[in-house]
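Notes for the one structure printed next.
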Amino acid sequence: MLDYRLVEAVAAVIREGGFERAARVLHLTQSAVSQRVKALEDQLGTVLVVRATPARATDEGRRLLAHCDKVGLLETDLAAALRPEGGTGGDAPPGSPDAPDTPEIQWTTLPVAVNADSLATWFPDAVAPFLRTERALLDLSVDDQERTHLLLRDGHVTAAVSTRAAAVQGCRCLPLGRVDYLCLAAPEFAARWFPAGLAEAALCRAPAVIFNRADEVHHQFLRGLLGRDAADGLRLPLHYIPSSERFVDVVAQGLAYGMIPLPQARSHLADGRLVDLAPGRAVPIRLFWHCWGLRTRLLDALTHHVVAHARQVLAQE
């Protein structure tokens, strides 16, 4: 049997990225955390944490972290089932006038991976009802939508918003909807850099902005516009802006052109701050909700809210 005080220490080090931060979270000394991690590694006969800056999990550590999270969700369900009648997890939220007076509220943390554009648009509204009624905390990891499923696969999160249509092993996959990305620029930028439209020569001169080096939306657009061979041969001047909100600001200020999701672009297009450089050539990005196949009340509730809201606000096929 695993000693869950030791498991908790390993999980905290991996989540927090170091022994000192883990010690603060667990209200222990750094030495005590280190001793617990070493004790579990000795017990299992394998290294669980790579002592680096930041600290990270080995493959075995990632499996242990996923196991720890799953046990935590199951224990939350068990605690709710064993409460006196009427004391389910869906009671009045903590801190509300109707909540019972207790010395300590028991929270459950749900690690979730989400892409920056979803976080900047529909995702907060999707999870708001869930957070108002559940004793749950979100630990969000933000990455490109092409990569978020890797965090789920490696055991870092319990659920993810991703473009991957196939379910990660051991997980459920539910379609959310489609987000159309438009190639946009400020009117003065378009007049200066693209007076004759999106010709190859102009594309090689005009500064573009993309989210990060894993962002493929801009390249997908160019391949659709020019063809694979021509697009792959372009040398583009690029800004890298890993912030969805600042990304839009850079384009709106006339500093670059870029691919912006329609939900963020609507108001800018309506008031003329941005123009579509390629009408009719939106890049459709289909999003999916991946979560553990393990059925627990909290994870099912989160899944319900995310999927239901996304299907209301995102384009559906």
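Residues are referred to by chain and number: the chain letter is A, B, ... according to the order shown in the structure tokens, the number counts from 1 in that chain, and ligands are numbered separately from 1 in the order shown.
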
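By only C-alpha atoms, and with residues fewer than 6 positions from range 17-25 of chain A along its chain excluded, the set lying at most 7 Å from it is Val33, Ser34, Pro54, Ala55 and Arg56 of chain A.
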
Show me a table, sorted first by chain and then by increasing residue number, of the residues of range 111-188 of chain A having an atom at most 10 Å from range 273-281 of chain A, each with its shortest atom pair and the distance in Å to one decimal, counting only C-alpha atoms and written as CSV.
residue,atom,partner,partner_atom,distance
A:Asp180,CA,A:Arg281,CA,9.5
A:Tyr181,CA,A:Arg281,CA,8.9
A:Leu182,CA,A:Asp276,CA,6.7
A:Cys183,CA,A:Leu277,CA,5.7
A:Leu184,CA,A:Asp276,CA,4.7
A:Ala185,CA,A:Leu274,CA,5.3
A:Ala186,CA,A:Leu274,CA,4.5
A:Pro187,CA,A:Val275,CA,6.0
A:Glu188,CA,A:Leu274,CA,9.3

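The neighbours of range 215-226 of chain A here are the residues that come within 8 Å of it, using only C-alpha atoms and leaving out any residue fewer than 4 positions away in the same chain; they are Asp144, Glu146, Tyr181, Cys183, Ile210, Phe211, Ala230, Ala231, Asp232, Gly258, Met259, Arg281, Ala282 and Val283 of chain A.
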
Members of range 5-159 of chain A assigned strand (DSSP E or B) by DSSP, as a list in words:
Val49, Val50, Arg56, Ala57, Thr108, Thr109, Leu110, Pro111, Val112, Ala113, Val114, Ala136, Leu137, Leu138, Asp139, Leu140, Ser141, Val142 and Ala159 of chain A

Please produce an output containing N, CA, C and O atoms for each residue in the selection, written as an mmCIF file, in the first residue's frame.
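The resulting out04.cif:
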data_model
loop_
_atom_site.group_PDB
_atom_site.id
_atom_site.type_symbol
_atom_site.label_atom_id
_atom_site.label_comp_id
_atom_site.auth_asym_id
_atom_site.auth_seq_id
_atom_site.Cartn_x
_atom_site.Cartn_y
_atom_site.Cartn_z
ATOM 1 N N VAL A 49 11.036 12.075 -9.577
ATOM 2 C CA VAL A 49 11.198 13.504 -9.817
ATOM 3 C C VAL A 49 12.602 13.780 -10.348
ATOM 4 O O VAL A 49 13.589 13.332 -9.756
ATOM 5 N N VAL A 50 12.679 14.509 -11.451
ATOM 6 C CA VAL A 50 13.963 14.972 -11.964
ATOM 7 C C VAL A 50 14.327 16.238 -11.206
ATOM 8 O O VAL A 50 13.592 17.234 -11.260
ATOM 9 N N ARG A 56 10.698 18.324 -12.483
ATOM 10 C CA ARG A 56 9.697 17.732 -13.371
ATOM 11 C C ARG A 56 9.605 16.237 -13.103
ATOM 12 O O ARG A 56 10.496 15.637 -12.497
ATOM 13 N N ALA A 57 8.525 15.665 -13.574
ATOM 14 C CA ALA A 57 8.265 14.250 -13.328
ATOM 15 C C ALA A 57 8.984 13.378 -14.343
ATOM 16 O O ALA A 57 9.129 13.741 -15.509
ATOM 17 N N THR A 108 -11.396 20.435 -3.915
ATOM 18 C CA THR A 108 -10.780 19.494 -4.846
ATOM 19 C C THR A 108 -10.239 20.277 -6.031
ATOM 20 O O THR A 108 -10.974 21.060 -6.647
ATOM 21 N N THR A 109 -8.967 20.086 -6.345
ATOM 22 C CA THR A 109 -8.340 20.792 -7.462
ATOM 23 C C THR A 109 -8.409 19.936 -8.720
ATOM 24 O O THR A 109 -8.058 18.754 -8.703
ATOM 25 N N LEU A 110 -8.871 20.544 -9.798
ATOM 26 C CA LEU A 110 -8.955 19.863 -11.090
ATOM 27 C C LEU A 110 -7.970 20.519 -12.059
ATOM 28 O O LEU A 110 -8.184 21.652 -12.486
ATOM 29 N N PRO A 111 -6.898 19.840 -12.415
ATOM 30 C CA PRO A 111 -5.968 20.390 -13.406
ATOM 31 C C PRO A 111 -6.558 20.231 -14.811
ATOM 32 O O PRO A 111 -6.974 19.133 -15.198
ATOM 33 N N VAL A 112 -6.594 21.321 -15.563
ATOM 34 C CA VAL A 112 -7.197 21.317 -16.899
ATOM 35 C C VAL A 112 -6.277 22.080 -17.854
ATOM 36 O O VAL A 112 -5.728 23.133 -17.494
ATOM 37 N N ALA A 113 -6.122 21.565 -19.063
ATOM 38 C CA ALA A 113 -5.351 22.251 -20.096
ATOM 39 C C ALA A 113 -6.309 22.906 -21.081
ATOM 40 O O ALA A 113 -7.294 22.298 -21.509
ATOM 41 N N VAL A 114 -6.017 24.152 -21.441
ATOM 42 C CA VAL A 114 -6.889 24.892 -22.358
ATOM 43 C C VAL A 114 -6.021 25.779 -23.242
ATOM 44 O O VAL A 114 -4.964 26.252 -22.816
ATOM 45 N N ALA A 136 -14.696 23.199 -5.879
ATOM 46 C CA ALA A 136 -13.653 22.805 -6.821
ATOM 47 C C ALA A 136 -12.799 24.011 -7.184
ATOM 48 O O ALA A 136 -13.297 25.141 -7.284
ATOM 49 N N LEU A 137 -11.519 23.749 -7.380
ATOM 50 C CA LEU A 137 -10.563 24.755 -7.820
ATOM 51 C C LEU A 137 -9.961 24.295 -9.144
ATOM 52 O O LEU A 137 -9.671 23.109 -9.316
ATOM 53 N N LEU A 138 -9.791 25.211 -10.081
ATOM 54 C CA LEU A 138 -9.172 24.880 -11.361
ATOM 55 C C LEU A 138 -7.696 25.247 -11.331
ATOM 56 O O LEU A 138 -7.306 26.314 -10.853
ATOM 57 N N ASP A 139 -6.872 24.346 -11.852
ATOM 58 C CA ASP A 139 -5.447 24.600 -12.052
ATOM 59 C C ASP A 139 -5.223 24.528 -13.557
ATOM 60 O O ASP A 139 -5.058 23.452 -14.128
ATOM 61 N N LEU A 140 -5.264 25.700 -14.232
ATOM 62 C CA LEU A 140 -5.233 25.735 -15.686
ATOM 63 C C LEU A 140 -3.805 25.771 -16.220
ATOM 64 O O LEU A 140 -2.979 26.553 -15.750
ATOM 65 N N SER A 141 -3.552 24.927 -17.205
ATOM 66 C CA SER A 141 -2.315 24.981 -17.985
ATOM 67 C C SER A 141 -2.694 25.474 -19.376
ATOM 68 O O SER A 141 -3.618 24.936 -19.997
ATOM 69 N N VAL A 142 -1.996 26.488 -19.865
ATOM 70 C CA VAL A 142 -2.333 27.096 -21.152
ATOM 71 C C VAL A 142 -1.267 26.726 -22.173
ATOM 72 O O VAL A 142 -0.076 26.905 -21.933
ATOM 73 N N ALA A 159 -8.294 16.933 -17.792
ATOM 74 C CA ALA A 159 -9.105 17.227 -18.969
ATOM 75 C C ALA A 159 -8.401 18.277 -19.805
ATOM 76 O O ALA A 159 -7.528 19.005 -19.309
#

For range 41-45 of chain A, work out the shell of residues within 12 Å, counting only C-alpha atoms and skipping chain neighbours fewer than 3 positions away, then give it as a PyMOL selection string.
chain A and resi 1-3+6-7+9-10+34-38+48-50+58+60-61+64

Rank nothing, just name the residue among A:Val47, A:Ala208, A:Cys291, A:Leu78 nearest to Cys173 in chain A, using only C-alpha atoms.
A:Cys291

Near range 149-156 of chain A, 12 Å: range 12-48 of chain A residue rows, closest pairs, only C-alpha atoms, as a tab-separated table:
residue	atom	partner	partner_atom	distance
A:Ala12	CA	A:His156	CA	11.8
A:Ile14	CA	A:His156	CA	8.9
A:Arg15	CA	A:His156	CA	8.1
A:Glu16	CA	A:His156	CA	11.6

Shell of 12 Å around Ala202 in chain A, only C-alpha atoms, local chain residues under 2 positions omitted, as a list in words:
Phe189, Ala190, Ala191, Arg192, Trp193, Phe194, Pro195, Ala196, Gly197, Leu198, Ala199, Glu200, Cys204, Arg205, Ala206, Pro207, Ala208, Leu234, Arg235, Leu236, Pro237 and Tyr257 of chain A

Run DSSP on the backbone and grab whatever in range 140-297 of chain A lands in helix (DSSP H, G or I); send it over as a VMD selection string.
chain A and resid 148 to 153 187 to 193 200 to 205 217 to 226 228 to 232 244 to 252 262 to 270 297

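When CA of His268 in chain A is paired with CA of Glu245 in chain A, their separation reads 12.8 Å.
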